[in-house]
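Asks: Sending over a structure as structure tokens; questions will come in a sec.
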2 protein chains.
Amino acid sequence: MSQNPECVFCKIAAGVIPAAIVHQDATAVAFLDIHPLAPGHLLIVPRDHITSMSDLPAETSAALARLFPRLGEAARVAGGAEGYNILLNNGTVAGQFVEHLHFHVIPRRGDDGLGFRWVSGSYAEGEAERIRAAVTAALKR
Amino acid sequence: MSQNPECVFCKIAAGVIPAAIVHQDATAVAFLDIHPLAPGHLLIVPRDHITSMSDLPAETSAALARLFPRLGEAARVAGGAEGYNILLNNGTVAGQFVEHLHFHVIPRRGDDGLGFRWVSGSYAEGEAERIRAAVTAALKR
């Protein structure tokens, strides 16, 4: 286990600073986001100080996600919500502001005003095959 | 394994309709979203026809997430991106439009214009503790 003494999520995981913790186990800690997008907004983080998904062991990713169904439903119920989003922002460009990897669980209601409709596009002729080949090539590296 | 013969993602997983598949194993299939938010936008789905996270076995959630680090990085590289989001929309209110659970992997670049800044709030005095207790109670049900 490696921690970063300057990291707020490491401090929460270590119990050094308080948080509204709802789950903890050997690998993961889940607690209320103090800047909630909705009541019940949770963060699920690895105990290890891992900044990026590219440094996340597959088994740690699996251990975090094993919690999704149960914590998602609990956040939904506690937040009086109808559904929820699970969101990970990997990299500043994707909206990651704390450099300790975290999955958001965001309870959603029809009247929450959060919206979230990104505008999708479509691939030009042949582009999807080119991108598919590029993904496959990247997987082989 | 249970499939829904009317479901487009079940058909893709079964090879009945074509898709730009980048990964498949006993539990999961990953392929290019045909309405991409960015080049390399992937969907990761369970082979089983599961509509909601509340029906997703923890081990299946883990099996899907085991793919996140590797597929995320491959989508990022193939899409010429700097980061990515992983997003699950659980329920119509959360933006789920295909009734077969799917994680999005969305490569992100600084100039992609997707934005995505939800406005966060804060808990009133005592509210976080009340919500924490509600989440904990829901976990015990």
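Residues are referred to by chain and number: the chain letter is A, B, ... according to the order shown in the structure tokens, the number counts from 1 in that chain, and ligands are numbered separately from 1 in the order shown.
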Can you list, as a list in words, every protein, DNA or RNA residue that comes within 9 Å of Ala75 (chain B) when you count only C-alpha atoms, leaving out same-chain residues fewer than 2 positions away?
Replies: Ile131, Ala134, Val135, Ala138 and Leu139 of chain A; Pro39, Gly40, His41, Leu42, Arg70, Leu71, Gly72, Glu73, Val77, Ala78, Gly79, Gly80, Ala81, Tyr84, Val105, Ile106 and Pro107 of chain B
Asks: Save the residues we just selected, N, CA, C and O atoms, as a compact mmCIF listing (two decimals), in the first residue's frame?
Replies:
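For reference, again_37.txt as written:
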```
# COMPACT_ATOMS: atom_id res chain seq x y z
N ILE A 131 -10.57 3.30 -36.71
CA ILE A 131 -10.46 3.50 -35.26
C ILE A 131 -10.44 2.14 -34.54
O ILE A 131 -9.70 1.93 -33.59
N ALA A 134 -7.12 0.83 -34.75
CA ALA A 134 -6.20 1.59 -33.88
C ALA A 134 -6.36 1.16 -32.42
O ALA A 134 -5.38 1.04 -31.69
N VAL A 135 -7.60 0.91 -32.00
CA VAL A 135 -7.83 0.43 -30.63
C VAL A 135 -7.18 -0.95 -30.47
O VAL A 135 -6.47 -1.23 -29.50
N ALA A 138 -3.53 -0.68 -30.21
CA ALA A 138 -3.13 -0.16 -28.89
C ALA A 138 -3.24 -1.24 -27.83
O ALA A 138 -2.45 -1.27 -26.87
N LEU A 139 -4.19 -2.14 -27.98
CA LEU A 139 -4.35 -3.23 -27.01
C LEU A 139 -3.20 -4.21 -27.09
O LEU A 139 -2.92 -4.93 -26.13
N PRO B 39 -13.88 10.26 -31.30
CA PRO B 39 -13.30 9.06 -31.92
C PRO B 39 -12.77 8.11 -30.86
O PRO B 39 -12.07 8.54 -29.93
N GLY B 40 -13.11 6.84 -31.00
CA GLY B 40 -12.66 5.84 -30.04
C GLY B 40 -13.63 5.59 -28.90
O GLY B 40 -13.36 4.77 -28.03
N HIS B 41 -14.76 6.29 -28.90
CA HIS B 41 -15.80 6.10 -27.88
C HIS B 41 -16.24 4.63 -27.89
O HIS B 41 -16.74 4.12 -28.88
N LEU B 42 -16.01 3.96 -26.75
CA LEU B 42 -16.33 2.53 -26.64
C LEU B 42 -17.51 2.31 -25.71
O LEU B 42 -17.78 3.11 -24.82
N ARG B 70 -7.13 -1.06 -19.32
CA ARG B 70 -6.54 -1.42 -20.61
C ARG B 70 -7.34 -0.84 -21.77
O ARG B 70 -6.78 -0.27 -22.71
N LEU B 71 -8.67 -0.98 -21.71
CA LEU B 71 -9.51 -0.46 -22.79
C LEU B 71 -9.53 1.07 -22.78
O LEU B 71 -9.58 1.71 -23.82
N GLY B 72 -9.50 1.65 -21.59
CA GLY B 72 -9.48 3.12 -21.50
C GLY B 72 -8.25 3.69 -22.17
O GLY B 72 -8.33 4.63 -22.96
N GLU B 73 -7.11 3.11 -21.87
CA GLU B 73 -5.86 3.60 -22.46
C GLU B 73 -5.84 3.37 -23.97
O GLU B 73 -5.41 4.25 -24.73
N VAL B 77 -5.52 6.33 -26.75
CA VAL B 77 -4.46 6.37 -27.76
C VAL B 77 -5.07 6.40 -29.16
O VAL B 77 -4.70 7.23 -30.00
N ALA B 78 -6.03 5.51 -29.40
CA ALA B 78 -6.64 5.43 -30.73
C ALA B 78 -7.38 6.71 -31.09
O ALA B 78 -7.45 7.11 -32.25
N GLY B 79 -7.94 7.35 -30.09
CA GLY B 79 -8.69 8.59 -30.33
C GLY B 79 -7.82 9.83 -30.31
O GLY B 79 -8.35 10.95 -30.46
N GLY B 80 -6.52 9.67 -30.13
CA GLY B 80 -5.62 10.83 -30.08
C GLY B 80 -6.00 11.77 -28.95
O GLY B 80 -5.94 12.99 -29.09
N ALA B 81 -6.38 11.20 -27.81
CA ALA B 81 -6.92 12.00 -26.71
C ALA B 81 -5.93 12.09 -25.55
O ALA B 81 -4.92 11.37 -25.50
N TYR B 84 -9.83 10.49 -20.49
CA TYR B 84 -11.13 9.90 -20.86
C TYR B 84 -12.06 9.87 -19.67
O TYR B 84 -11.62 9.95 -18.52
N VAL B 105 -16.80 4.50 -22.53
CA VAL B 105 -15.42 5.00 -22.40
C VAL B 105 -15.29 6.12 -23.44
O VAL B 105 -15.41 5.86 -24.64
N ILE B 106 -15.10 7.34 -22.96
CA ILE B 106 -15.18 8.51 -23.85
C ILE B 106 -13.85 9.25 -23.84
O ILE B 106 -13.52 9.96 -22.88
N PRO B 107 -13.05 9.08 -24.91
CA PRO B 107 -11.77 9.80 -24.99
C PRO B 107 -12.03 11.31 -24.98
O PRO B 107 -12.99 11.79 -25.59
```
Asks: Could you please write out, as a list in words, every residue of chain A that DSSP assigns to strand (DSSP E or B)?
Replies: Ile21, Val22, His23, Gln24, Ala28, Val29, Ala30, Phe31, Leu32, Leu42, Leu43, Ile44, Val45, Pro46, Gly83, Tyr84, Asn85, Ile86, Leu87, Leu88, Asn89, Asn90, Phe103, His104, Val105, Ile106, Pro107 and Arg108 of chain A
Asks: Chain A near chain B within 6 Å: what's each residue's closest atom pair and its distance in Å to one decimal, counting only C-alpha atoms, ordered by chain then ascending residue number, as JSON lines?
Replies:
```
{"residue": "A:Ala20", "atom": "CA", "partner": "B:Arg132", "partner_atom": "CA", "distance": 5.9}
{"residue": "A:Val22", "atom": "CA", "partner": "B:Thr136", "partner_atom": "CA", "distance": 5.8}
{"residue": "A:His35", "atom": "CA", "partner": "B:Ser122", "partner_atom": "CA", "distance": 5.0}
{"residue": "A:Pro36", "atom": "CA", "partner": "B:Ser120", "partner_atom": "CA", "distance": 5.3}
{"residue": "A:Leu37", "atom": "CA", "partner": "B:Ser120", "partner_atom": "CA", "distance": 4.4}
{"residue": "A:Met53", "atom": "CA", "partner": "B:Pro69", "partner_atom": "CA", "distance": 5.2}
{"residue": "A:Ser54", "atom": "CA", "partner": "B:Pro69", "partner_atom": "CA", "distance": 5.6}
{"residue": "A:Ala58", "atom": "CA", "partner": "B:Arg66", "partner_atom": "CA", "distance": 4.6}
{"residue": "A:Ser61", "atom": "CA", "partner": "B:Arg66", "partner_atom": "CA", "distance": 5.6}
{"residue": "A:Ala62", "atom": "CA", "partner": "B:Ala62", "partner_atom": "CA", "distance": 4.0}
{"residue": "A:Ala65", "atom": "CA", "partner": "B:Ala62", "partner_atom": "CA", "distance": 5.1}
{"residue": "A:Arg66", "atom": "CA", "partner": "B:Ala58", "partner_atom": "CA", "distance": 4.6}
{"residue": "A:Pro69", "atom": "CA", "partner": "B:Met53", "partner_atom": "CA", "distance": 5.2}
{"residue": "A:Ala74", "atom": "CA", "partner": "B:Ala138", "partner_atom": "CA", "distance": 4.9}
{"residue": "A:Ala75", "atom": "CA", "partner": "B:Val135", "partner_atom": "CA", "distance": 5.7}
{"residue": "A:Ala78", "atom": "CA", "partner": "B:Ala134", "partner_atom": "CA", "distance": 5.0}
{"residue": "A:Gly83", "atom": "CA", "partner": "B:Gly91", "partner_atom": "CA", "distance": 4.8}
{"residue": "A:Tyr84", "atom": "CA", "partner": "B:Asn90", "partner_atom": "CA", "distance": 5.2}
{"residue": "A:Asn85", "atom": "CA", "partner": "B:Asn89", "partner_atom": "CA", "distance": 4.8}
{"residue": "A:Ile86", "atom": "CA", "partner": "B:Leu88", "partner_atom": "CA", "distance": 5.0}
{"residue": "A:Leu87", "atom": "CA", "partner": "B:Leu87", "partner_atom": "CA", "distance": 4.6}
{"residue": "A:Leu88", "atom": "CA", "partner": "B:Ile86", "partner_atom": "CA", "distance": 5.0}
{"residue": "A:Asn89", "atom": "CA", "partner": "B:Asn85", "partner_atom": "CA", "distance": 4.8}
{"residue": "A:Asn90", "atom": "CA", "partner": "B:Tyr84", "partner_atom": "CA", "distance": 5.2}
{"residue": "A:Gly91", "atom": "CA", "partner": "B:Gly83", "partner_atom": "CA", "distance": 4.8}
{"residue": "A:Val93", "atom": "CA", "partner": "B:Gly110", "partner_atom": "CA", "distance": 5.5}
{"residue": "A:Ala94", "atom": "CA", "partner": "B:Tyr84", "partner_atom": "CA", "distance": 5.5}
{"residue": "A:Arg108", "atom": "CA", "partner": "B:Ala94", "partner_atom": "CA", "distance": 5.8}
{"residue": "A:Gly110", "atom": "CA", "partner": "B:Val93", "partner_atom": "CA", "distance": 5.5}
{"residue": "A:Ser120", "atom": "CA", "partner": "B:Leu37", "partner_atom": "CA", "distance": 4.4}
{"residue": "A:Gly121", "atom": "CA", "partner": "B:Pro36", "partner_atom": "CA", "distance": 5.3}
{"residue": "A:Ser122", "atom": "CA", "partner": "B:His35", "partner_atom": "CA", "distance": 5.0}
{"residue": "A:Arg132", "atom": "CA", "partner": "B:Ala20", "partner_atom": "CA", "distance": 5.9}
{"residue": "A:Ala134", "atom": "CA", "partner": "B:Ala78", "partner_atom": "CA", "distance": 5.0}
{"residue": "A:Val135", "atom": "CA", "partner": "B:Ala78", "partner_atom": "CA", "distance": 5.1}
{"residue": "A:Thr136", "atom": "CA", "partner": "B:Val22", "partner_atom": "CA", "distance": 5.8}
{"residue": "A:Ala138", "atom": "CA", "partner": "B:Ala74", "partner_atom": "CA", "distance": 4.9}
{"residue": "A:Leu139", "atom": "CA", "partner": "B:Ala74", "partner_atom": "CA", "distance": 5.7}
```
Asks: Could you name the residues that touch region 5-17 of chain A at 8 Å or less, counting only C-alpha atoms, but leaving out those on the same chain fewer than 4 positions away, as a list in words?
Replies: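 Once the adjacent positions are removed, what remains is Val29, Val45, Arg47, Asp48, His49, Glu99 and His100 of chain A.
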Asks: Any idea what the distance is between CA of Ile44 (chain B) and CA of Ala30 (chain B)?
Replies: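 Interatomic distance here is 4.4 Å.
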Asks: Please return as a PyMOL selection string: the residues of chain B that backbone DSSP assigns to alpha helix (DSSP H).
Replies: chain B and resi 8-14+58-65+68-78+127-140
